[in-house]
Amino acid sequence: MTEPLRVLITGAAGQIAYSLLYSVAKGDVFGKNQPISLVLLDIDFMMGVLQGVVMELRDCALPLLHEIIPTADKNVAFKDIDVAILVGAMPRREGMERKDLLKANVKIFKEQGEAINTLAKKTVKVVVVGNPANTNAYVCKTFASSIPPENFTCLTRLDQNRAAAQIAERVGVTSQDVKNVIIWGNHSSTQFPDVSHATVTLNGQSSSVKDAIKNDSWLQGEFISTVQTRGAAVIAARKLSSAMSAAKAICDHLRDWWTGTEGSWVSMGVPSDGSYGIEKGLIYSFPVVIKPDHSYSIVQGLPISDFAREKMDVTQKELVEEKNDAMLTVQD
């Protein structure tokens, strides 16, 4: 057994955290031999609810759960953390656009970036979930200048999982048989789910997704729009944003970041290094490979069609506009 990993989850009394906490505390994310100290941050108003969540966690009697620290104090929450899962933010509700979230949420992530900068371990790994996730991660990174920029990521694994599930259902296989789907760009309706480099295993044989589907109009039309608007569709049906699937994607994102990807690609929102003509520093979703030492690199040299280039540029344009709006907001 190693020293406990100090894992912070913000918005800890909310619905995503409720679906997430058990998997993290049980060992499904950081390993079956890794003790966990869970730090649970929420606002004062939610402390009563959070106490109920703490009761349930204790009642699970999980052997890896070393301690639980519920708090509404950022100075307590961010102190010496190893991992930050930044879920807490105003959720998107039916009829809301991402820009509606920007003003409300960007100042939260400025404050959290400042707290990470002064309180967290310099090796802290951060995944931003609260929307607009890419831009919130950019703001958080900007105000945590003492932390390596590559330690800040945002969640686009949910979009990758959605895309893989659509392909799997269409072909009649399981999602694990679909490999190397890419999400380019923003976690928004401009994202580009790209299967041009993806494969599917059918009857023991691997083939390109394009060859397995045999329907380019579906791949370039309904498939893309379904993935792009899936979050809104869930809200329309549940009257709440995605929780169970978001929690699963957070676990996938962090488990791969922690243990490596063993040759396959995964999609993560990461600071651009200029690859594929994307503005440096922008938090943009790329295909990445991850080593067991937690270091990742953007997959290089992929051929980009004119169709893909157009989609990638559209989502980059939205991200640049969001970034500029966000930086104006935090300076007000």
# chains A, B, ... in the order shown; residues from 1 in each chain; ligands from 1

call {"tool": "residues_around", "arguments": {"residues": "region 2-10 of chain A", "least_positions_apart": "2", "cutoff": "8 Å", "atoms": "only C-alpha atoms", "output": "number ranges by chain"}}
result
A: 12, 17, 33-42, 66, 77-78, 80-88

call {"tool": "write_last_selection", "arguments": {"atoms": "N, CA and C atoms", "output": "compact mmCIF listing (two decimals), in the first residue's frame"}}
result
# COMPACT_ATOMS: atom_id res chain seq x y z
N ALA A 12 -19.31 18.61 -4.97
CA ALA A 12 -19.35 17.25 -4.46
C ALA A 12 -20.72 16.80 -4.00
N ALA A 17 -21.09 14.21 -9.18
CA ALA A 17 -20.24 13.68 -8.11
C ALA A 17 -20.87 12.45 -7.45
N ASN A 33 -4.65 -0.82 -5.30
CA ASN A 33 -3.74 -0.74 -4.16
C ASN A 33 -3.45 0.70 -3.75
N GLN A 34 -4.26 1.64 -4.24
CA GLN A 34 -4.00 3.05 -3.99
C GLN A 34 -5.02 3.62 -3.02
N PRO A 35 -4.63 3.86 -1.75
CA PRO A 35 -5.55 4.51 -0.80
C PRO A 35 -5.90 5.92 -1.28
N ILE A 36 -7.08 6.35 -0.92
CA ILE A 36 -7.60 7.64 -1.37
C ILE A 36 -8.03 8.49 -0.17
N SER A 37 -7.59 9.74 -0.17
CA SER A 37 -8.16 10.75 0.72
C SER A 37 -9.05 11.63 -0.14
N LEU A 38 -10.35 11.58 0.11
CA LEU A 38 -11.31 12.34 -0.68
C LEU A 38 -11.58 13.69 -0.04
N VAL A 39 -11.34 14.75 -0.79
CA VAL A 39 -11.66 16.10 -0.35
C VAL A 39 -12.88 16.56 -1.16
N LEU A 40 -13.94 16.89 -0.46
CA LEU A 40 -15.22 17.17 -1.11
C LEU A 40 -15.60 18.62 -0.87
N LEU A 41 -15.59 19.42 -1.95
CA LEU A 41 -15.86 20.84 -1.85
C LEU A 41 -17.22 21.18 -2.45
N ASP A 42 -17.99 21.97 -1.71
CA ASP A 42 -19.22 22.53 -2.25
C ASP A 42 -19.49 23.83 -1.51
N HIS A 66 -9.28 6.23 2.71
CA HIS A 66 -8.49 6.54 3.90
C HIS A 66 -9.18 7.59 4.77
N ALA A 77 -9.76 22.86 0.86
CA ALA A 77 -10.00 21.94 -0.26
C ALA A 77 -8.78 21.75 -1.15
N PHE A 78 -8.09 22.84 -1.47
CA PHE A 78 -7.01 22.77 -2.46
C PHE A 78 -5.65 22.49 -1.85
N ASP A 80 -2.50 20.85 -0.81
CA ASP A 80 -1.68 19.65 -1.04
C ASP A 80 -2.40 18.56 -1.84
N ILE A 81 -3.29 18.94 -2.73
CA ILE A 81 -3.99 17.92 -3.51
C ILE A 81 -3.11 17.37 -4.62
N ASP A 82 -3.34 16.10 -4.94
CA ASP A 82 -2.65 15.42 -6.04
C ASP A 82 -3.47 15.47 -7.33
N VAL A 83 -4.79 15.45 -7.18
CA VAL A 83 -5.70 15.43 -8.32
C VAL A 83 -6.87 16.37 -8.02
N ALA A 84 -7.26 17.16 -9.01
CA ALA A 84 -8.44 18.02 -8.88
C ALA A 84 -9.43 17.67 -9.99
N ILE A 85 -10.62 17.29 -9.58
CA ILE A 85 -11.71 17.01 -10.52
C ILE A 85 -12.71 18.14 -10.34
N LEU A 86 -12.67 19.11 -11.25
CA LEU A 86 -13.42 20.35 -11.07
C LEU A 86 -14.78 20.24 -11.77
N VAL A 87 -15.74 19.72 -11.01
CA VAL A 87 -17.09 19.48 -11.52
C VAL A 87 -17.99 20.67 -11.25
N GLY A 88 -17.81 21.29 -10.09
CA GLY A 88 -18.73 22.31 -9.62
C GLY A 88 -18.81 23.52 -10.55

call {"tool": "select_by_dssp", "arguments": {"residues": "region 43-277 of chain A", "states": "helix (DSSP H, G or I)", "output": "number ranges by chain"}}
result
A: 44-59, 74-77, 98-119, 133-142, 149-151, 157-171, 175-177, 209-213, 216-219, 222-228, 230-238, 244-259, 275-277

call {"tool": "residues_around", "arguments": {"residues": "Ala115 (chain A)", "least_positions_apart": "4", "cutoff": "10 Å", "atoms": "only C-alpha atoms", "output": "PDB file with N, CA, C and O atoms, in the first residue's frame"}}
result
ATOM      1  N   LYS A  74     -12.137  26.875   0.353  1.00  0.00           N
ATOM      2  CA  LYS A  74     -11.162  26.587  -0.700  1.00  0.00           C
ATOM      3  C   LYS A  74      -9.760  26.378  -0.126  1.00  0.00           C
ATOM      4  O   LYS A  74      -8.976  25.609  -0.677  1.00  0.00           O
ATOM      5  N   ASN A  75      -9.443  27.065   0.959  1.00  0.00           N
ATOM      6  CA  ASN A  75      -8.107  26.920   1.546  1.00  0.00           C
ATOM      7  C   ASN A  75      -7.879  25.524   2.101  1.00  0.00           C
ATOM      8  O   ASN A  75      -6.751  25.027   2.107  1.00  0.00           O
ATOM      9  N   VAL A  76      -8.948  24.898   2.558  1.00  0.00           N
ATOM     10  CA  VAL A  76      -8.868  23.502   3.003  1.00  0.00           C
ATOM     11  C   VAL A  76      -8.876  22.571   1.798  1.00  0.00           C
ATOM     12  O   VAL A  76      -8.089  21.623   1.709  1.00  0.00           O
ATOM     13  N   ALA A  77      -9.760  22.858   0.856  1.00  0.00           N
ATOM     14  CA  ALA A  77      -9.998  21.940  -0.256  1.00  0.00           C
ATOM     15  C   ALA A  77      -8.778  21.755  -1.150  1.00  0.00           C
ATOM     16  O   ALA A  77      -8.462  20.637  -1.575  1.00  0.00           O
ATOM     17  N   PHE A  78      -8.086  22.840  -1.473  1.00  0.00           N
ATOM     18  CA  PHE A  78      -7.014  22.766  -2.463  1.00  0.00           C
ATOM     19  C   PHE A  78      -5.646  22.490  -1.848  1.00  0.00           C
ATOM     20  O   PHE A  78      -4.668  22.321  -2.590  1.00  0.00           O
ATOM     21  N   LYS A  79      -5.555  22.394  -0.556  1.00  0.00           N
ATOM     22  CA  LYS A  79      -4.278  22.209   0.126  1.00  0.00           C
ATOM     23  C   LYS A  79      -3.673  20.838  -0.187  1.00  0.00           C
ATOM     24  O   LYS A  79      -4.263  19.790   0.091  1.00  0.00           O
ATOM     25  N   PHE A 109     -13.637  29.609 -11.940  1.00  0.00           N
ATOM     26  CA  PHE A 109     -12.420  28.895 -12.323  1.00  0.00           C
ATOM     27  C   PHE A 109     -11.182  29.771 -12.230  1.00  0.00           C
ATOM     28  O   PHE A 109     -10.074  29.253 -12.075  1.00  0.00           O
ATOM     29  N   LYS A 110     -11.354  31.076 -12.279  1.00  0.00           N
ATOM     30  CA  LYS A 110     -10.235  31.957 -11.964  1.00  0.00           C
ATOM     31  C   LYS A 110      -9.834  31.771 -10.500  1.00  0.00           C
ATOM     32  O   LYS A 110      -8.653  31.592 -10.181  1.00  0.00           O
ATOM     33  N   GLU A 111     -10.818  31.784  -9.602  1.00  0.00           N
ATOM     34  CA  GLU A 111     -10.542  31.613  -8.180  1.00  0.00           C
ATOM     35  C   GLU A 111      -9.924  30.250  -7.898  1.00  0.00           C
ATOM     36  O   GLU A 111      -9.006  30.122  -7.083  1.00  0.00           O
ATOM     37  N   LEU A 119      -1.823  26.592  -3.343  1.00  0.00           N
ATOM     38  CA  LEU A 119      -2.071  25.573  -2.323  1.00  0.00           C
ATOM     39  C   LEU A 119      -1.781  24.142  -2.754  1.00  0.00           C
ATOM     40  O   LEU A 119      -1.376  23.318  -1.939  1.00  0.00           O
ATOM     41  N   ALA A 120      -2.017  23.819  -4.026  1.00  0.00           N
ATOM     42  CA  ALA A 120      -1.900  22.432  -4.482  1.00  0.00           C
ATOM     43  C   ALA A 120      -0.445  22.029  -4.661  1.00  0.00           C
ATOM     44  O   ALA A 120       0.456  22.876  -4.756  1.00  0.00           O
ATOM     45  N   CYS A 140      -8.426  28.461 -15.704  1.00  0.00           N
ATOM     46  CA  CYS A 140      -7.795  27.845 -14.538  1.00  0.00           C
ATOM     47  C   CYS A 140      -6.292  27.751 -14.733  1.00  0.00           C
ATOM     48  O   CYS A 140      -5.505  28.106 -13.841  1.00  0.00           O
ATOM     49  N   PHE A 143      -4.430  31.188 -14.439  1.00  0.00           N
ATOM     50  CA  PHE A 143      -4.261  31.737 -13.093  1.00  0.00           C
ATOM     51  C   PHE A 143      -3.555  30.763 -12.139  1.00  0.00           C
ATOM     52  O   PHE A 143      -3.557  30.967 -10.931  1.00  0.00           O
ATOM     53  N   ALA A 144      -2.958  29.734 -12.711  1.00  0.00           N
ATOM     54  CA  ALA A 144      -2.129  28.808 -11.925  1.00  0.00           C
ATOM     55  C   ALA A 144      -0.773  28.689 -12.612  1.00  0.00           C
ATOM     56  O   ALA A 144      -0.355  27.607 -13.017  1.00  0.00           O
TER      57      ALA A 144
END

call {"tool": "closest_residue", "arguments": {"among": "A:Tyr284, A:Phe223, A:Trp265, A:Tyr276", "to": "Ala168 (chain A)", "atoms": "only C-alpha atoms"}}
result
A:Phe223

call {"tool": "closest_residue", "arguments": {"among": "A:Val209, A:Ser245, A:Asn161, A:Pro287", "to": "Gly301 (chain A)", "atoms": "only C-alpha atoms"}}
result
A:Pro287

call {"tool": "atom_distance", "arguments": {"atom1": "CA of Ala163 (chain A)", "atom2": "CA of Val270 (chain A)"}}
result
19.2 Å

call {"tool": "closest_residue", "arguments": {"among": "A:Ile69, A:Leu155, A:Ile213, A:Ala243", "to": "Val200 (chain A)", "atoms": "only C-alpha atoms"}}
result
A:Ile213

call {"tool": "closest_atom_pairs", "arguments": {"of": "region 214-309 of chain A", "to": "region 172-179 of chain A", "cutoff": "12 Å", "atoms": "only C-alpha atoms", "output": "Markdown table"}}
result
| residue | atom | partner | partner_atom | distance |
| --- | --- | --- | --- | --- |
| A:Thr261 | CA | A:Lys179 | CA | 11.5 |
| A:Gly263 | CA | A:Lys179 | CA | 10.5 |
| A:Ser264 | CA | A:Lys179 | CA | 7.1 |
| A:Trp265 | CA | A:Lys179 | CA | 7.6 |
| A:Val266 | CA | A:Lys179 | CA | 8.8 |
| A:Ser267 | CA | A:Lys179 | CA | 11.2 |
| A:Pro287 | CA | A:Lys179 | CA | 11.5 |

call {"tool": "residues_around", "arguments": {"residues": "Ile147 (chain A)", "least_positions_apart": "5", "cutoff": "10 Å", "atoms": "only C-alpha atoms", "output": "list in words"}}
result
Gly113, Ile116, Asn117, Thr118, Ala120, Lys121, Lys122, Thr123, Val124, Lys125, Lys141, Thr142 and Phe152 of chain A

call {"tool": "write_last_selection", "arguments": {"atoms": "all heavy atoms", "output": "CSV table (one decimal), in the first residue's frame"}}
result
chain,number,residue,atom,x,y,z
A,113,GLY,N,-8.2,28.4,-10.0
A,113,GLY,CA,-6.8,28.4,-10.6
A,113,GLY,C,-5.9,29.1,-9.6
A,113,GLY,O,-4.8,28.6,-9.4
A,116,ILE,N,-5.3,26.7,-6.7
A,116,ILE,CA,-4.4,25.6,-7.2
A,116,ILE,C,-2.9,26.1,-7.2
A,116,ILE,O,-2.0,25.5,-6.7
A,116,ILE,CB,-4.8,25.1,-8.5
A,116,ILE,CG1,-6.1,24.3,-8.4
A,116,ILE,CG2,-3.7,24.2,-9.2
A,116,ILE,CD1,-6.7,23.9,-9.8
A,117,ASN,N,-2.8,27.3,-7.7
A,117,ASN,CA,-1.4,27.9,-7.8
A,117,ASN,C,-0.7,28.1,-6.5
A,117,ASN,O,0.5,27.8,-6.4
A,117,ASN,CB,-1.6,29.3,-8.4
A,117,ASN,CG,-0.3,29.9,-8.9
A,117,ASN,OD1,0.5,29.3,-9.6
A,117,ASN,ND2,0.0,31.1,-8.4
A,118,THR,N,-1.5,28.4,-5.4
A,118,THR,CA,-0.8,28.7,-4.1
A,118,THR,C,-0.9,27.5,-3.2
A,118,THR,O,-0.1,27.4,-2.2
A,118,THR,CB,-1.5,29.9,-3.5
A,118,THR,OG1,-2.9,29.7,-3.3
A,118,THR,CG2,-1.3,31.2,-4.3
A,120,ALA,N,-2.0,23.8,-4.0
A,120,ALA,CA,-1.9,22.4,-4.5
A,120,ALA,C,-0.4,22.0,-4.7
A,120,ALA,O,0.5,22.9,-4.8
A,120,ALA,CB,-2.7,22.2,-5.8
A,121,LYS,N,-0.2,20.7,-4.7
A,121,LYS,CA,1.1,20.2,-5.1
A,121,LYS,C,1.4,20.7,-6.5
A,121,LYS,O,0.5,20.8,-7.4
A,121,LYS,CB,1.2,18.7,-5.0
A,121,LYS,CG,1.0,18.2,-3.6
A,121,LYS,CD,1.1,16.6,-3.6
A,121,LYS,CE,1.0,16.1,-2.2
A,121,LYS,NZ,0.9,14.6,-2.1
A,122,LYS,N,2.7,20.9,-6.8
A,122,LYS,CA,3.1,21.4,-8.1
A,122,LYS,C,2.9,20.3,-9.2
A,122,LYS,O,2.9,20.6,-10.4
A,122,LYS,CB,4.5,21.9,-8.1
A,122,LYS,CG,4.7,23.1,-7.2
A,122,LYS,CD,3.7,24.2,-7.4
A,122,LYS,CE,3.9,25.4,-6.4
A,122,LYS,NZ,2.8,26.4,-6.6
A,123,THR,N,2.7,19.1,-8.7
A,123,THR,CA,2.5,18.0,-9.7
A,123,THR,C,1.0,17.7,-9.9
A,123,THR,O,0.7,16.7,-10.5
A,123,THR,CB,3.2,16.7,-9.1
A,123,THR,OG1,2.7,16.5,-7.8
A,123,THR,CG2,4.7,16.9,-9.1
A,124,VAL,N,0.1,18.5,-9.3
A,124,VAL,CA,-1.3,18.2,-9.4
A,124,VAL,C,-1.8,18.0,-10.8
A,124,VAL,O,-1.3,18.7,-11.7
A,124,VAL,CB,-2.1,19.4,-8.7
A,124,VAL,CG1,-1.9,20.7,-9.5
A,124,VAL,CG2,-3.6,19.0,-8.5
A,125,LYS,N,-2.7,17.1,-11.0
A,125,LYS,CA,-3.3,16.8,-12.3
A,125,LYS,C,-4.7,17.3,-12.2
A,125,LYS,O,-5.5,17.0,-11.2
A,125,LYS,CB,-3.3,15.4,-12.6
A,125,LYS,CG,-1.9,14.7,-12.7
A,125,LYS,CD,-1.0,15.3,-13.8
A,125,LYS,CE,0.3,14.6,-13.9
A,125,LYS,NZ,1.2,14.9,-12.8
A,141,LYS,N,-5.9,27.3,-15.9
A,141,LYS,CA,-4.5,27.2,-16.2
A,141,LYS,C,-3.8,28.6,-16.2
A,141,LYS,O,-2.7,28.7,-15.7
A,141,LYS,CB,-4.3,26.6,-17.6
A,141,LYS,CG,-2.9,26.7,-18.2
A,141,LYS,CD,-2.9,26.0,-19.6
A,141,LYS,CE,-3.6,26.8,-20.7
A,141,LYS,NZ,-2.8,27.9,-21.2
A,142,THR,N,-4.4,29.6,-16.7
A,142,THR,CA,-3.9,30.9,-16.8
A,142,THR,C,-3.6,31.5,-15.4
A,142,THR,O,-2.5,32.1,-15.2
A,142,THR,CB,-4.8,31.9,-17.5
A,142,THR,OG1,-5.0,31.4,-18.9
A,142,THR,CG2,-4.3,33.3,-17.6
A,152,PHE,N,-3.2,20.7,-16.9
A,152,PHE,CA,-4.6,21.1,-17.0
A,152,PHE,C,-5.3,20.5,-18.2
A,152,PHE,O,-4.8,20.7,-19.4
A,152,PHE,CB,-4.7,22.6,-17.1
A,152,PHE,CG,-4.3,23.3,-15.8
A,152,PHE,CD1,-2.9,23.5,-15.5
A,152,PHE,CD2,-5.2,23.6,-14.8
A,152,PHE,CE1,-2.5,24.1,-14.3
A,152,PHE,CE2,-4.8,24.1,-13.6
A,152,PHE,CZ,-3.5,24.4,-13.3

call {"tool": "atom_distance", "arguments": {"atom1": "CA of Val129 (chain A)", "atom2": "CA of Arg157 (chain A)"}}
result
10.4 Å

call {"tool": "closest_residue", "arguments": {"among": "A:Ser242, A:Gln160, A:Ser275, A:Ser285", "to": "Ile224 (chain A)", "atoms": "only C-alpha atoms"}}
result
A:Gln160

call {"tool": "atom_distance", "arguments": {"atom1": "CA of Thr329 (chain A)", "atom2": "CA of Ile43 (chain A)"}}
result
22.0 Å

call {"tool": "residues_around", "arguments": {"residues": "Gly274 (chain A)", "least_positions_apart": "3", "cutoff": "12 Å", "atoms": "only C-alpha atoms", "output": "PyMOL selection string"}}
result
chain A and resi 270-271+277-284+286+298+300+316

call {"tool": "select_by_dssp", "arguments": {"residues": "region 56-297 of chain A", "states": "strand (DSSP E)", "output": "count of residues only"}}
result
50

call {"tool": "decode", "arguments": {"residues": "region 200-217 of chain A", "atoms": "N, CA, C and O atoms", "output": "JSON list (two decimals), in the first residue's frame"}}
result
[["chain", "number", "residue", "atom", "x", "y", "z"],
["A", 200, "VAL", "N", -12.86, -0.76, -36.20],
["A", 200, "VAL", "CA", -13.87, -1.55, -35.49],
["A", 200, "VAL", "C", -13.54, -3.03, -35.69],
["A", 200, "VAL", "O", -13.11, -3.43, -36.78],
["A", 201, "THR", "N", -13.66, -3.82, -34.64],
["A", 201, "THR", "CA", -13.43, -5.26, -34.72],
["A", 201, "THR", "C", -14.77, -5.96, -34.84],
["A", 201, "THR", "O", -15.62, -5.87, -33.95],
["A", 202, "LEU", "N", -14.95, -6.67, -35.94],
["A", 202, "LEU", "CA", -16.21, -7.35, -36.23],
["A", 202, "LEU", "C", -15.88, -8.78, -36.64],
["A", 202, "LEU", "O", -15.11, -9.01, -37.58],
["A", 203, "ASN", "N", -16.46, -9.73, -35.90],
["A", 203, "ASN", "CA", -16.20, -11.16, -36.17],
["A", 203, "ASN", "C", -14.71, -11.48, -36.15],
["A", 203, "ASN", "O", -14.20, -12.25, -36.97],
["A", 204, "GLY", "N", -14.01, -10.84, -35.21],
["A", 204, "GLY", "CA", -12.59, -11.11, -35.03],
["A", 204, "GLY", "C", -11.68, -10.41, -36.01],
["A", 204, "GLY", "O", -10.45, -10.53, -35.92],
["A", 205, "GLN", "N", -12.24, -9.65, -36.93],
["A", 205, "GLN", "CA", -11.45, -8.94, -37.93],
["A", 205, "GLN", "C", -11.55, -7.44, -37.72],
["A", 205, "GLN", "O", -12.63, -6.90, -37.47],
["A", 206, "SER", "N", -10.41, -6.75, -37.83],
["A", 206, "SER", "CA", -10.37, -5.31, -37.68],
["A", 206, "SER", "C", -10.48, -4.64, -39.04],
["A", 206, "SER", "O", -9.83, -5.06, -40.00],
["A", 207, "SER", "N", -11.32, -3.62, -39.11],
["A", 207, "SER", "CA", -11.45, -2.85, -40.35],
["A", 207, "SER", "C", -11.68, -1.40, -40.00],
["A", 207, "SER", "O", -11.95, -1.06, -38.84],
["A", 208, "SER", "N", -11.56, -0.54, -40.99],
["A", 208, "SER", "CA", -11.86, 0.86, -40.74],
["A", 208, "SER", "C", -13.35, 1.03, -40.46],
["A", 208, "SER", "O", -14.18, 0.24, -40.94],
["A", 209, "VAL", "N", -13.67, 2.04, -39.69],
["A", 209, "VAL", "CA", -15.08, 2.31, -39.42],
["A", 209, "VAL", "C", -15.81, 2.62, -40.72],
["A", 209, "VAL", "O", -16.96, 2.20, -40.93],
["A", 210, "LYS", "N", -15.15, 3.34, -41.60],
["A", 210, "LYS", "CA", -15.77, 3.68, -42.89],
["A", 210, "LYS", "C", -16.17, 2.43, -43.66],
["A", 210, "LYS", "O", -17.28, 2.34, -44.20],
["A", 211, "ASP", "N", -15.28, 1.42, -43.68],
["A", 211, "ASP", "CA", -15.59, 0.18, -44.39],
["A", 211, "ASP", "C", -16.67, -0.62, -43.68],
["A", 211, "ASP", "O", -17.48, -1.30, -44.32],
["A", 212, "ALA", "N", -16.68, -0.56, -42.35],
["A", 212, "ALA", "CA", -17.68, -1.31, -41.60],
["A", 212, "ALA", "C", -19.07, -0.70, -41.71],
["A", 212, "ALA", "O", -20.08, -1.41, -41.79],
["A", 213, "ILE", "N", -19.14, 0.64, -41.74],
["A", 213, "ILE", "CA", -20.43, 1.33, -41.80],
["A", 213, "ILE", "C", -20.99, 1.34, -43.22],
["A", 213, "ILE", "O", -22.20, 1.17, -43.44],
["A", 214, "LYS", "N", -20.10, 1.61, -44.19],
["A", 214, "LYS", "CA", -20.50, 1.67, -45.61],
["A", 214, "LYS", "C", -21.62, 2.69, -45.86],
["A", 214, "LYS", "O", -22.55, 2.44, -46.63],
["A", 215, "ASN", "N", -21.52, 3.82, -45.18],
["A", 215, "ASN", "CA", -22.54, 4.87, -45.36],
["A", 215, "ASN", "C", -21.91, 6.22, -45.02],
["A", 215, "ASN", "O", -22.02, 6.71, -43.90],
["A", 216, "ASP", "N", -21.25, 6.82, -46.00],
["A", 216, "ASP", "CA", -20.54, 8.08, -45.76],
["A", 216, "ASP", "C", -21.49, 9.22, -45.41],
["A", 216, "ASP", "O", -21.13, 10.11, -44.63],
["A", 217, "SER", "N", -22.68, 9.20, -45.98],
["A", 217, "SER", "CA", -23.62, 10.29, -45.69],
["A", 217, "SER", "C", -24.04, 10.25, -44.22],
["A", 217, "SER", "O", -24.20, 11.31, -43.60]]
